Every structure is written in C-alpha cells, then in structure tokens.
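Trainee: Input data_27.pdb, format and content: PDB, C-alpha atoms, pLDDT in the B column.
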MODEL        1
ATOM      1  CA  MET G   3     122.818 112.220 108.407  1.00 53.00           C
ATOM      2  CA  GLU G   4     121.134 111.623 105.045  1.00 62.00           C
ATOM      3  CA  ASN G   5     122.601 108.234 104.185  1.00 66.00           C
ATOM      4  CA  ASP G   6     125.068 105.519 105.270  1.00 70.00           C
ATOM      5  CA  ARG G   7     123.575 105.447 108.753  1.00 70.00           C
ATOM      6  CA  ASN G   8     125.904 102.791 110.121  1.00 79.00           C
ATOM      7  CA  LEU G   9     127.617 102.830 113.508  1.00 82.00           C
ATOM      8  CA  ALA G  10     130.981 103.871 112.052  1.00 83.00           C
ATOM      9  CA  ASN G  11     129.502 106.998 110.454  1.00 85.00           C
ATOM     10  CA  VAL G  12     127.355 107.746 113.507  1.00 86.00           C
ATOM     11  CA  GLY G  13     130.570 107.598 115.544  1.00 86.00           C
ATOM     12  CA  ARG G  14     132.335 110.033 113.219  1.00 86.00           C
ATOM     13  CA  LYS G  15     129.373 112.388 113.373  1.00 85.00           C
ATOM     14  CA  THR G  16     129.124 112.317 117.173  1.00 87.00           C
ATOM     15  CA  GLY G  17     132.803 111.991 118.067  1.00 88.00           C
ATOM     16  CA  VAL G  18     132.267 108.591 119.696  1.00 88.00           C
ATOM     17  CA  PRO G  19     134.488 105.675 118.524  1.00 87.00           C
ATOM     18  CA  GLY G  20     132.541 103.272 116.325  1.00 82.00           C
ATOM     19  CA  GLN G  21     133.741 100.266 118.343  1.00 86.00           C
ATOM     20  CA  ASN G  22     132.284 101.806 121.497  1.00 87.00           C
ATOM     21  CA  LEU G  23     128.921 102.233 119.782  1.00 86.00           C
ATOM     22  CA  GLN G  24     129.048  98.665 118.453  1.00 84.00           C
ATOM     23  CA  HIS G  25     129.744  97.346 121.949  1.00 84.00           C
ATOM     24  CA  PHE G  26     126.917  99.429 123.411  1.00 82.00           C
ATOM     25  CA  VAL G  27     124.370  98.218 120.857  1.00 77.00           C
ATOM     26  CA  SER G  28     125.462  94.560 120.727  1.00 76.00           C
ATOM     27  CA  ASN G  29     126.851  93.686 124.150  1.00 77.00           C
ATOM     28  CA  SER G  30     125.700  96.193 126.758  1.00 78.00           C
ATOM     29  CA  SER G  31     122.799  95.318 129.023  1.00 77.00           C
ATOM     30  CA  TRP G  32     120.614  98.293 128.063  1.00 75.00           C
ATOM     31  CA  SER G  33     116.896  97.601 127.789  1.00 79.00           C
ATOM     32  CA  GLY G  34     115.148  98.280 124.494  1.00 77.00           C
ATOM     33  CA  GLU G  35     111.772  98.085 126.224  1.00 80.00           C
ATOM     34  CA  ALA G  36     112.854 100.724 128.757  1.00 86.00           C
ATOM     35  CA  VAL G  37     113.774 103.069 125.913  1.00 84.00           C
ATOM     36  CA  ILE G  38     110.355 102.538 124.293  1.00 84.00           C
ATOM     37  CA  LEU G  39     108.566 103.170 127.597  1.00 85.00           C
ATOM     38  CA  GLY G  40     110.576 106.348 128.080  1.00 86.00           C
ATOM     39  CA  VAL G  41     109.614 107.635 124.648  1.00 84.00           C
ATOM     40  CA  GLU G  42     105.968 106.745 125.272  1.00 85.00           C
ATOM     41  CA  ALA G  43     105.953 108.602 128.595  1.00 85.00           C
ATOM     42  CA  GLU G  44     107.133 111.760 126.828  1.00 86.00           C
ATOM     43  CA  VAL G  45     104.678 111.368 123.956  1.00 84.00           C
ATOM     44  CA  LYS G  46     101.670 110.965 126.259  1.00 84.00           C
ATOM     45  CA  VAL G  47     101.991 114.506 127.577  1.00 83.00           C
ATOM     46  CA  HIS G  48     103.497 116.254 124.542  1.00 84.00           C
ATOM     47  CA  PRO G  49     100.848 118.481 122.919  1.00 85.00           C
ATOM     48  CA  ALA G  50     102.295 117.938 119.422  1.00 83.00           C
ATOM     49  CA  PHE G  51     101.189 114.270 119.454  1.00 83.00           C
ATOM     50  CA  GLN G  52      97.643 114.513 120.787  1.00 85.00           C
ATOM     51  CA  GLU G  53      96.138 114.235 117.258  1.00 88.00           C
ATOM     52  CA  ALA G  54      98.785 111.976 115.713  1.00 91.00           C
ATOM     53  CA  VAL G  55      98.257 109.110 113.247  1.00 95.00           C
ATOM     54  CA  LEU G  56      99.805 105.717 113.999  1.00 95.00           C
ATOM     55  CA  VAL G  57     101.730 104.364 110.987  1.00 96.00           C
ATOM     56  CA  LEU G  58     102.395 100.612 110.753  1.00 97.00           C
ATOM     57  CA  ASP G  59     105.244  99.694 108.411  1.00 94.00           C
ATOM     58  CA  GLU G  60     108.457  97.719 108.205  1.00 92.00           C
ATOM     59  CA  SER G  61     112.111  98.514 107.692  1.00 90.00           C
ATOM     60  CA  VAL G  62     114.594  96.204 105.982  1.00 88.00           C
ATOM     61  CA  GLU G  63     118.377  95.977 106.257  1.00 85.00           C
ATOM     62  CA  GLU G  64     120.503  94.029 103.791  1.00 86.00           C
ATOM     63  CA  LYS G  65     122.760  91.456 105.473  1.00 86.00           C
ATOM     64  CA  ALA G  66     125.907  89.717 104.257  1.00 81.00           C
ATOM     65  CA  GLY G  67     125.090  86.406 105.963  1.00 81.00           C
ATOM     66  CA  GLU G  68     122.656  84.499 108.171  1.00 80.00           C
ATOM     67  CA  HIS G  69     124.336  85.254 111.514  1.00 81.00           C
ATOM     68  CA  SER G  70     122.077  88.188 112.495  1.00 85.00           C
ATOM     69  CA  ALA G  71     118.822  87.246 114.229  1.00 87.00           C
ATOM     70  CA  GLY G  72     116.061  86.732 111.667  1.00 85.00           C
ATOM     71  CA  ALA G  73     118.333  87.142 108.643  1.00 88.00           C
ATOM     72  CA  SER G  74     117.172  85.150 105.631  1.00 89.00           C
ATOM     73  CA  ARG G  75     116.447  85.499 101.938  1.00 91.00           C
ATOM     74  CA  GLN G  76     113.258  87.576 101.925  1.00 88.00           C
ATOM     75  CA  HIS G  77     111.732  90.512 100.108  1.00 85.00           C
ATOM     76  CA  ASN G  78     113.731  93.706 100.496  1.00 84.00           C
ATOM     77  CA  GLY G  79     111.579  96.696  99.543  1.00 81.00           C
ATOM     78  CA  ARG G  80     114.576  99.007  99.393  1.00 80.00           C
ATOM     79  CA  LEU G  81     116.267  96.801  96.806  1.00 81.00           C
ATOM     80  CA  GLY G  82     113.037  95.679  95.101  1.00 83.00           C
ATOM     81  CA  LYS G  83     114.011  92.007  95.154  1.00 88.00           C
ATOM     82  CA  ILE G  84     114.552  88.904  97.285  1.00 89.00           C
ATOM     83  CA  GLU G  85     117.826  89.268  99.157  1.00 90.00           C
ATOM     84  CA  MET G  86     119.514  88.253 102.403  1.00 89.00           C
ATOM     85  CA  SER G  87     117.865  90.706 104.796  1.00 91.00           C
ATOM     86  CA  GLN G  88     116.727  91.407 108.330  1.00 91.00           C
ATOM     87  CA  VAL G  89     113.223  92.853 108.784  1.00 92.00           C
ATOM     88  CA  GLY G  90     111.725  94.859 111.617  1.00 93.00           C
ATOM     89  CA  VAL G  91     108.053  95.805 112.024  1.00 95.00           C
ATOM     90  CA  PHE G  92     107.594  99.308 113.433  1.00 94.00           C
ATOM     91  CA  LEU G  93     105.023 101.806 114.624  1.00 95.00           C
ATOM     92  CA  ALA G  94     105.500 105.561 114.290  1.00 93.00           C
ATOM     93  CA  LEU G  95     103.401 108.485 115.475  1.00 93.00           C
ATOM     94  CA  VAL G  96     103.071 111.046 112.698  1.00 93.00           C
ATOM     95  CA  THR G  97     101.666 114.580 112.482  1.00 90.00           C
ATOM     96  CA  PRO G  98     102.071 117.158 109.686  1.00 88.00           C
ATOM     97  CA  GLU G  99     105.015 118.620 111.619  1.00 87.00           C
ATOM     98  CA  ILE G 100     106.697 115.743 113.435  1.00 85.00           C
ATOM     99  CA  CYS G 101     107.263 111.974 113.368  1.00 89.00           C
ATOM    100  CA  THR G 102     108.687 109.645 116.013  1.00 89.00           C
ATOM    101  CA  TRP G 103     109.232 105.907 116.318  1.00 89.00           C
ATOM    102  CA  ILE G 104     107.002 104.509 119.085  1.00 91.00           C
ATOM    103  CA  ASP G 105     107.446 100.704 119.026  1.00 92.00           C
ATOM    104  CA  GLY G 106     109.058  97.949 117.013  1.00 92.00           C
ATOM    105  CA  ASP G 107     109.704  94.225 116.879  1.00 92.00           C
ATOM    106  CA  LEU G 108     112.037  91.953 114.943  1.00 92.00           C
ATOM    107  CA  TYR G 109     110.384  89.687 112.383  1.00 94.00           C
ATOM    108  CA  LEU G 110     111.710  86.133 112.581  1.00 93.00           C
ATOM    109  CA  PRO G 111     110.859  84.044 109.486  1.00 92.00           C
ATOM    110  CA  CYS G 112     109.206  80.665 110.058  1.00 92.00           C
ATOM    111  CA  ALA G 113     112.418  78.838 109.102  1.00 90.00           C
ATOM    112  CA  TRP G 114     114.156  80.350 112.121  1.00 91.00           C
ATOM    113  CA  PHE G 115     111.942  78.240 114.404  1.00 91.00           C
ATOM    114  CA  GLU G 116     112.848  74.965 112.729  1.00 90.00           C
ATOM    115  CA  GLU G 117     115.219  72.537 114.422  1.00 90.00           C
ATOM    116  CA  SER G 118     117.846  73.246 111.761  1.00 88.00           C
ATOM    117  CA  HIS G 119     118.151  76.816 113.118  1.00 87.00           C
ATOM    118  CA  ALA G 120     118.391  75.872 116.814  1.00 88.00           C
ATOM    119  CA  GLU G 121     122.112  76.655 116.985  1.00 87.00           C
ATOM    120  CA  GLN G 122     121.633  79.975 115.184  1.00 86.00           C
ATOM    121  CA  ARG G 123     118.834  80.956 117.559  1.00 87.00           C
ATOM    122  CA  GLY G 124     121.113  80.333 120.499  1.00 87.00           C
ATOM    123  CA  GLN G 125     124.030  82.225 118.999  1.00 85.00           C
ATOM    124  CA  ALA G 126     121.812  85.193 118.097  1.00 84.00           C
ATOM    125  CA  GLY G 127     120.238  85.320 121.574  1.00 84.00           C
ATOM    126  CA  VAL G 128     116.679  84.573 120.426  1.00 87.00           C
ATOM    127  CA  PRO G 129     114.544  83.930 123.565  1.00 88.00           C
ATOM    128  CA  ALA G 130     113.525  80.281 123.826  1.00 87.00           C
ATOM    129  CA  GLU G 131     109.879  81.167 124.499  1.00 90.00           C
ATOM    130  CA  LEU G 132     109.380  83.021 121.200  1.00 89.00           C
ATOM    131  CA  ALA G 133     107.094  81.490 118.574  1.00 92.00           C
ATOM    132  CA  PHE G 134     106.589  82.380 114.929  1.00 94.00           C
ATOM    133  CA  LYS G 135     104.330  85.356 114.219  1.00 95.00           C
ATOM    134  CA  THR G 136     103.501  86.972 110.901  1.00 96.00           C
ATOM    135  CA  LYS G 137     104.227  90.647 110.301  1.00 96.00           C
ATOM    136  CA  PRO G 138     100.521  91.608 110.637  1.00 97.00           C
ATOM    137  CA  GLU G 139     100.370  89.655 113.913  1.00 97.00           C
ATOM    138  CA  LEU G 140     103.391  91.560 115.230  1.00 97.00           C
ATOM    139  CA  GLY G 141     101.790  94.805 114.081  1.00 97.00           C
ATOM    140  CA  TRP G 142      98.533  94.052 115.891  1.00 97.00           C
ATOM    141  CA  GLU G 143     100.384  93.234 119.125  1.00 96.00           C
ATOM    142  CA  MET G 144     102.153  96.590 118.967  1.00 95.00           C
ATOM    143  CA  ILE G 145      98.931  98.460 118.230  1.00 97.00           C
ATOM    144  CA  LYS G 146      97.322  96.761 121.250  1.00 96.00           C
ATOM    145  CA  ARG G 147     100.286  97.734 123.435  1.00 93.00           C
ATOM    146  CA  THR G 148     100.037 101.316 122.245  1.00 93.00           C
ATOM    147  CA  GLN G 149      96.332 101.444 123.044  1.00 92.00           C
ATOM    148  CA  GLU G 150      96.756  99.742 126.442  1.00 92.00           C
ATOM    149  CA  ARG G 151      99.486 102.228 127.391  1.00 90.00           C
ATOM    150  CA  GLN G 152      97.094 105.068 126.516  1.00 90.00           C
ATOM    151  CA  ILE G 153      99.283 106.596 123.810  1.00 91.00           C
ATOM    152  CA  PRO G 154      97.035 109.095 121.965  1.00 90.00           C
ATOM    153  CA  PHE G 155      96.342 108.473 118.267  1.00 93.00           C
ATOM    154  CA  VAL G 156      93.342 109.142 116.048  1.00 94.00           C
ATOM    155  CA  ALA G 157      93.781 106.390 113.436  1.00 96.00           C
ATOM    156  CA  VAL G 158      96.091 103.690 112.066  1.00 97.00           C
ATOM    157  CA  THR G 159      97.474 103.731 108.520  1.00 97.00           C
ATOM    158  CA  MET G 160      99.271 100.886 106.741  1.00 96.00           C
ATOM    159  CA  ASP G 161     100.377  99.687 103.316  1.00 94.00           C
ATOM    160  CA  ASP G 162      98.818  96.753 101.469  1.00 92.00           C
ATOM    161  CA  LEU G 163     100.924  94.067 103.184  1.00 92.00           C
ATOM    162  CA  TYR G 164      98.919  94.863 106.312  1.00 95.00           C
ATOM    163  CA  GLY G 165      95.804  96.371 104.723  1.00 94.00           C
ATOM    164  CA  ARG G 166      94.934  93.169 102.869  1.00 93.00           C
ATOM    165  CA  ASN G 167      95.227  91.074 106.031  1.00 95.00           C
ATOM    166  CA  GLU G 168      91.662  90.223 107.012  1.00 92.00           C
ATOM    167  CA  ALA G 169      92.476  89.205 110.595  1.00 96.00           C
ATOM    168  CA  LEU G 170      94.238  92.503 111.273  1.00 97.00           C
ATOM    169  CA  ARG G 171      91.341  94.513 109.832  1.00 95.00           C
ATOM    170  CA  GLN G 172      88.842  92.542 111.913  1.00 95.00           C
ATOM    171  CA  ASN G 173      90.883  93.106 115.079  1.00 97.00           C
ATOM    172  CA  LEU G 174      91.079  96.842 114.432  1.00 97.00           C
ATOM    173  CA  ASN G 175      87.353  97.012 113.732  1.00 95.00           C
ATOM    174  CA  ALA G 176      86.470  94.999 116.857  1.00 96.00           C
ATOM    175  CA  ALA G 177      88.645  97.316 118.954  1.00 95.00           C
ATOM    176  CA  GLY G 178      86.875 100.381 117.535  1.00 95.00           C
ATOM    177  CA  ILE G 179      90.103 101.709 116.010  1.00 96.00           C
ATOM    178  CA  GLU G 180      89.760 103.865 112.894  1.00 97.00           C
ATOM    179  CA  TYR G 181      92.132 102.614 110.196  1.00 97.00           C
ATOM    180  CA  TYR G 182      93.179 103.258 106.606  1.00 96.00           C
ATOM    181  CA  GLY G 183      94.911 100.428 104.743  1.00 94.00           C
ATOM    182  CA  ASP G 184      96.070 100.060 101.173  1.00 94.00           C
ATOM    183  CA  ILE G 185      94.708  97.036  99.308  1.00 91.00           C
ATOM    184  CA  PRO G 186      95.573  95.610  95.871  1.00 91.00           C
ATOM    185  CA  ALA G 187      93.708  97.262  92.979  1.00 91.00           C
ATOM    186  CA  ASN G 188      92.113  93.940  91.963  1.00 91.00           C
ATOM    187  CA  THR G 189      90.563  93.322  95.400  1.00 89.00           C
ATOM    188  CA  LYS G 190      86.871  92.508  94.997  1.00 89.00           C
ATOM    189  CA  VAL G 191      84.324  94.320  97.168  1.00 88.00           C
ATOM    190  CA  TYR G 192      80.540  94.533  97.401  1.00 90.00           C
ATOM    191  CA  LEU G 193      78.591  97.781  97.532  1.00 90.00           C
ATOM    192  CA  GLU G 194      75.672  95.883  99.069  1.00 90.00           C
ATOM    193  CA  LYS G 195      75.942  93.028 101.534  1.00 89.00           C
ATOM    194  CA  PRO G 196      75.912  89.779  99.520  1.00 91.00           C
ATOM    195  CA  GLN G 197      73.965  86.643 100.399  1.00 91.00           C
ATOM    196  CA  ILE G 198      75.887  83.554 101.472  1.00 90.00           C
ATOM    197  CA  ILE G 199      73.943  80.425 100.572  1.00 90.00           C
ATOM    198  CA  HIS G 200      74.661  76.697 100.797  1.00 88.00           C
ATOM    199  CA  PRO G 201      72.765  74.870  98.019  1.00 86.00           C
ATOM    200  CA  LEU G 202      71.219  71.529  98.891  1.00 85.00           C
ATOM    201  CA  THR G 203      73.014  68.406  97.748  1.00 86.00           C
ATOM    202  CA  LYS G 204      71.304  65.421  96.085  1.00 83.00           C
ATOM    203  CA  LYS G 205      70.834  64.019  99.572  1.00 84.00           C
ATOM    204  CA  GLY G 206      68.994  67.166 100.618  1.00 83.00           C
ATOM    205  CA  LEU G 207      71.792  68.381 102.902  1.00 86.00           C
ATOM    206  CA  PRO G 208      73.374  71.868 102.782  1.00 85.00           C
ATOM    207  CA  SER G 209      76.490  71.874 100.641  1.00 87.00           C
ATOM    208  CA  LYS G 210      79.797  72.527 102.390  1.00 85.00           C
ATOM    209  CA  THR G 211      80.711  74.852  99.515  1.00 87.00           C
ATOM    210  CA  ALA G 212      79.125  78.261  99.948  1.00 86.00           C
ATOM    211  CA  GLN G 213      77.957  80.455  97.086  1.00 87.00           C
ATOM    212  CA  VAL G 214      78.110  84.240  97.212  1.00 88.00           C
ATOM    213  CA  VAL G 215      75.120  85.934  95.586  1.00 89.00           C
ATOM    214  CA  GLY G 216      75.748  89.573  94.758  1.00 90.00           C
ATOM    215  CA  THR G 217      77.634  91.889  92.421  1.00 92.00           C
ATOM    216  CA  ALA G 218      81.355  92.178  93.137  1.00 91.00           C
ATOM    217  CA  TYR G 219      83.569  95.022  91.868  1.00 91.00           C
ATOM    218  CA  GLU G 220      87.320  95.404  91.713  1.00 92.00           C
ATOM    219  CA  VAL G 221      88.270  98.470  93.755  1.00 89.00           C
ATOM    220  CA  ARG G 222      89.981 100.085  90.756  1.00 90.00           C
ATOM    221  CA  GLU G 223      86.546 100.207  89.061  1.00 90.00           C
ATOM    222  CA  LEU G 224      85.164 102.401  91.838  1.00 85.00           C
ATOM    223  CA  ARG G 225      87.573 105.349  91.594  1.00 72.00           C
TER     224      ARG G 225
ENDMDL
END
Kindly return the structure encoded in the file as structure tokens.
Mentor:
Amino acid sequence: MENDRNLANVGRKTGVPGQNLQHFVSNSSWSGEAVILGVEAEVKVHPAFQEAVLVLDESVEEKAGEHSAGASRQHNGRLGKIEMSQVGVFLALVTPEICTWIDGDLYLPCAWFEESHAEQRGQAGVPAELAFKTKPELGWEMIKRTQERQIPFVAVTMDDLYGRNEALRQNLNAAGIEYYGDIPANTKVYLEKPQIIHPLTKKGLPSKTAQVVGTAYEVRELR
C-alpha cells in the first residue's frame, strides 16, 4: 500500500471490515509492549540484522482536532508547517536490504501536562504517572532499552533535531555507542580543544562569565 494507509483502506486490502480494525486498535486489550518484545526476540537471532544501524526519527500524523492523545499545533514535517498533529518518536533497525520498526513512543507536548488538559488526559487514557519528556529524551530511553535488551546494532543515526541535542550526544558517548547525527550548518566547532577561562573581577574573584579562548569554525566551512 503506497499511500492512504488508514484503517479503512487496510481493511479493504486485507478483507477485514474497517470497523473491526478500528475496534482492535482503539478498544481491544492487546499489548503494544508485547508486540515490540516479540519483534525484538525475532530480530536478536535473525542474521540479516546482526550488522544493522539504529535510526532515531519521528513520524507525524495530521489530526482534525485535539481529542487524540498528544494532539496539538506543532511542526508537521510532512506538511512543512505548524499544524494540528500527533507525533511519535521511533527507532528502526536498518540494513542495505531490510528495515524494521523496533520501538516507539508517543510524544506528549508540555501543554498536555497542564491542569487545563486534565480532562483530555483522562479521556485519551494517558497514564497518570507520565511526565513531560522531550523528543530527544524519549529517543535516549528507547536506545537504552534497545541496548539493555541486547538488540544488535553497530551505530545510531539521527537528524538534526536529535543530533544538535547536547545531552543526547553526551549520553551516547558515555555509553560507548557510535553515533552519526546531523547538525545545523552554522554550528560552531573547534579543531583544537579551547581554553575556558574566568577572568578576575575588580575584587580579584573569578568572574561567573566564562570566556572561550580558541578559534571556532562553522561546520559548513570545513567541508
């Protein structure tokens, strides 16, 4: 199915009534985590995935209103503008021959945790214990889960939304995970480690404002 991947069209393609599929997805007591664990169990032993790359990215669905969990006016990459949308953060294992979804989590904007959205959270079935997390934070949690469950991967790749996040990069580096992340072309970097100094104030105390001594380059200058 190349486009219009909604439940009605999936039903027509598979011969299953669309209402049955809608009930299964929305109301049945199936476990999303159990599905993920089942996929992971297969991937662990499948020879095609032993040298796979882990891709961190998001997927966006346009929504007509705010009733769906996490729906709000936010950037929709598919439309190239701010629109009422629902966003999921996902991990996929990718090789030159095959790609499979391995984990995912719904992104809930900060506004969804405000008191004004309490009724919506209840109606949408948002667990009471959830707290706001940024997309990079969700991504890092999934990467940790993947590593803890011993899913084989050789590196992590990500676009600049995640690549420019310093905390995520530091976490990956501390965990010894090889990664490749896009960053904005005007990001400044140093070819040699710069000095961080705190000049003395008139009172002879180190200034709270640090100065960076070294030559910085925008990454687009280094191509």
Trainee: Could you check which of G:Ile84, G:Val221, G:Ala73, G:Ala177 is closest to Trp114 (chain G), using only C-alpha atoms?
Mentor: G:Ala73
Trainee: Just so the selection is clear, what residues does the PyMOL selection byres ((chain G and resi 49-61) around 8) cover here, as a PyMOL selection string?
Mentor: chain G and resi 45-48+62-63+89-97+100+141+154-161
Trainee: Please write out, as JSON, where the centre of an axis-aligned box around all listed atoms of region 64-83 of chain G lies and how long its edges are, in Å to one decimal, after adding 4 Å on each side.
Mentor:
{"center_x": 118.7, "center_y": 91.8, "center_z": 104.7, "size_x": 22.3, "size_y": 22.5, "size_z": 27.1}
Trainee: So which residues get picked by the PyMOL selection byres ((chain G and resi 80) around 10) here, written as a short mmCIF file (atom, residue, chain, number, x, y, z; two decimals) with C-alpha atoms, keeping the file's coordinate frame?
Mentor:
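expr-v9.cif written:
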data_model
loop_
_atom_site.label_atom_id
_atom_site.label_comp_id
_atom_site.auth_asym_id
_atom_site.auth_seq_id
_atom_site.Cartn_x
_atom_site.Cartn_y
_atom_site.Cartn_z
CA SER G 61 112.11 98.51 107.69
CA VAL G 62 114.59 96.20 105.98
CA GLU G 63 118.38 95.98 106.26
CA GLU G 64 120.50 94.03 103.79
CA HIS G 77 111.73 90.51 100.11
CA ASN G 78 113.73 93.71 100.50
CA GLY G 79 111.58 96.70 99.54
CA LEU G 81 116.27 96.80 96.81
CA GLY G 82 113.04 95.68 95.10
CA LYS G 83 114.01 92.01 95.15
#
Trainee: Applied to this file, what does the PyMOL selection byres ((chain G and resi 195-197) around 7) return in terms of residues, put as a list in words?
Mentor: Tyr192, Leu193, Glu194, Ile198, Ile199, Val214, Val215 and Gly216 of chain G
Trainee: Quick one: distance from CA of Gly165 (chain G) to CA of Lys135 (chain G) in Å, one decimal?
Mentor: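 That distance, rounded to one decimal, is 16.9 Å.
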Trainee: Would you kindly identify which residues have an atom no farther than 7 Å from (117.1, 90.8, 111.1), using all atoms listed in the file and the file's own coordinates, and write them out as a PyMOL selection string?
Mentor: chain G and resi 70-73+87-90+108-109
Trainee: What is the CA of Trp142 (chain G)-CA of Asp162 (chain G) distance in Å, reported with one decimal?
Mentor: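 Distance between the two atoms: 14.7 Å.
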Trainee: Give the answer as one residue: which of G:Glu42, G:Asp107, G:Asp184, G:Glu121 has the shortest atom-to-atom distance to Glu68 (chain G), using all atoms listed in the file?
Mentor: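 Counting all atoms listed in the file, the residue closest to Glu68 (chain G) is G:Glu121.
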Trainee: Just give me the gap between CA of Gly67 (chain G) and CA of Lys137 (chain G) in Å, one decimal is fine.
Mentor: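 Value for the CA of Gly67 (chain G)-CA of Lys137 (chain G) distance: 21.7 Å.
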Trainee: Using all atoms listed in the file, find the one residue out of G:Val27, G:Ile185, G:Leu110, G:Val41 that sits nearest to Leu140 (chain G).
Mentor: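 Counting all atoms listed in the file, the residue closest to Leu140 (chain G) is G:Leu110.
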Trainee: Need to verify the contact set: Arg222 (chain G), 12 Å, all atoms listed in the file, exclusion of same-chain residues closer than 6 positions in sequence. Can you return it as a list in words?
Mentor: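 Using all atoms listed in the file, the neighbours found are Ile185, Pro186, Ala187, Asn188, Thr189, Lys190 and Val191 of chain G.
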Trainee: Can you sort out region 23-45 of chain G so it carries N, CA and C atoms, written as an mmCIF file, keeping the file's coordinate frame?
Mentor:
data_model
loop_
_atom_site.group_PDB
_atom_site.id
_atom_site.type_symbol
_atom_site.label_atom_id
_atom_site.label_comp_id
_atom_site.auth_asym_id
_atom_site.auth_seq_id
_atom_site.Cartn_x
_atom_site.Cartn_y
_atom_site.Cartn_z
ATOM 1 N N LEU G 23 130.338 102.306 120.125
ATOM 2 C CA LEU G 23 128.921 102.233 119.782
ATOM 3 C C LEU G 23 128.499 100.793 119.496
ATOM 4 N N GLN G 24 129.358 100.052 118.774
ATOM 5 C CA GLN G 24 129.048 98.665 118.453
ATOM 6 C C GLN G 24 128.915 97.837 119.729
ATOM 7 N N HIS G 25 129.814 98.069 120.681
ATOM 8 C CA HIS G 25 129.744 97.346 121.949
ATOM 9 C C HIS G 25 128.464 97.703 122.702
ATOM 10 N N PHE G 26 128.115 98.983 122.699
ATOM 11 C CA PHE G 26 126.917 99.429 123.411
ATOM 12 C C PHE G 26 125.668 98.779 122.832
ATOM 13 N N VAL G 27 125.557 98.767 121.507
ATOM 14 C CA VAL G 27 124.370 98.218 120.857
ATOM 15 C C VAL G 27 124.313 96.700 120.979
ATOM 16 N N SER G 28 125.457 96.019 120.816
ATOM 17 C CA SER G 28 125.462 94.560 120.727
ATOM 18 C C SER G 28 125.663 93.850 122.061
ATOM 19 N N ASN G 29 126.442 94.425 122.956
ATOM 20 C CA ASN G 29 126.851 93.686 124.150
ATOM 21 C C ASN G 29 126.412 94.289 125.478
ATOM 22 N N SER G 30 126.094 95.574 125.494
ATOM 23 C CA SER G 30 125.700 96.193 126.758
ATOM 24 C C SER G 30 124.325 95.704 127.190
ATOM 25 N N SER G 31 124.044 95.855 128.469
ATOM 26 C CA SER G 31 122.799 95.318 129.023
ATOM 27 C C SER G 31 121.674 96.340 129.048
ATOM 28 N N TRP G 32 121.685 97.295 128.100
ATOM 29 C CA TRP G 32 120.614 98.293 128.063
ATOM 30 C C TRP G 32 119.315 97.629 127.615
ATOM 31 N N SER G 33 118.212 98.188 128.059
ATOM 32 C CA SER G 33 116.896 97.601 127.789
ATOM 33 C C SER G 33 116.178 98.359 126.680
ATOM 34 N N GLY G 34 115.901 97.657 125.580
ATOM 35 C CA GLY G 34 115.148 98.280 124.494
ATOM 36 C C GLY G 34 113.749 98.656 124.934
ATOM 37 N N GLU G 35 113.120 97.801 125.745
ATOM 38 C CA GLU G 35 111.772 98.085 126.224
ATOM 39 C C GLU G 35 111.754 99.340 127.084
ATOM 40 N N ALA G 36 112.792 99.529 127.911
ATOM 41 C CA ALA G 36 112.854 100.724 128.757
ATOM 42 C C ALA G 36 112.948 101.990 127.921
ATOM 43 N N VAL G 37 113.678 101.915 126.805
ATOM 44 C CA VAL G 37 113.774 103.069 125.913
ATOM 45 C C VAL G 37 112.405 103.392 125.323
ATOM 46 N N ILE G 38 111.696 102.350 124.862
ATOM 47 C CA ILE G 38 110.355 102.538 124.293
ATOM 48 C C ILE G 38 109.416 103.158 125.318
ATOM 49 N N LEU G 39 109.442 102.640 126.550
ATOM 50 C CA LEU G 39 108.566 103.170 127.597
ATOM 51 C C LEU G 39 108.897 104.626 127.922
ATOM 52 N N GLY G 40 110.186 104.965 127.846
ATOM 53 C CA GLY G 40 110.576 106.348 128.080
ATOM 54 C C GLY G 40 110.055 107.281 127.009
ATOM 55 N N VAL G 41 110.146 106.837 125.755
ATOM 56 C CA VAL G 41 109.614 107.635 124.648
ATOM 57 C C VAL G 41 108.105 107.794 124.795
ATOM 58 N N GLU G 42 107.422 106.697 125.128
ATOM 59 C CA GLU G 42 105.968 106.745 125.272
ATOM 60 C C GLU G 42 105.539 107.699 126.385
ATOM 61 N N ALA G 43 106.289 107.706 127.484
ATOM 62 C CA ALA G 43 105.953 108.602 128.595
ATOM 63 C C ALA G 43 106.021 110.060 128.163
ATOM 64 N N GLU G 44 107.004 110.385 127.322
ATOM 65 C CA GLU G 44 107.133 111.760 126.828
ATOM 66 C C GLU G 44 106.006 112.093 125.850
ATOM 67 N N VAL G 45 105.690 111.141 124.985
ATOM 68 C CA VAL G 45 104.678 111.368 123.956
ATOM 69 C C VAL G 45 103.298 111.599 124.571
#
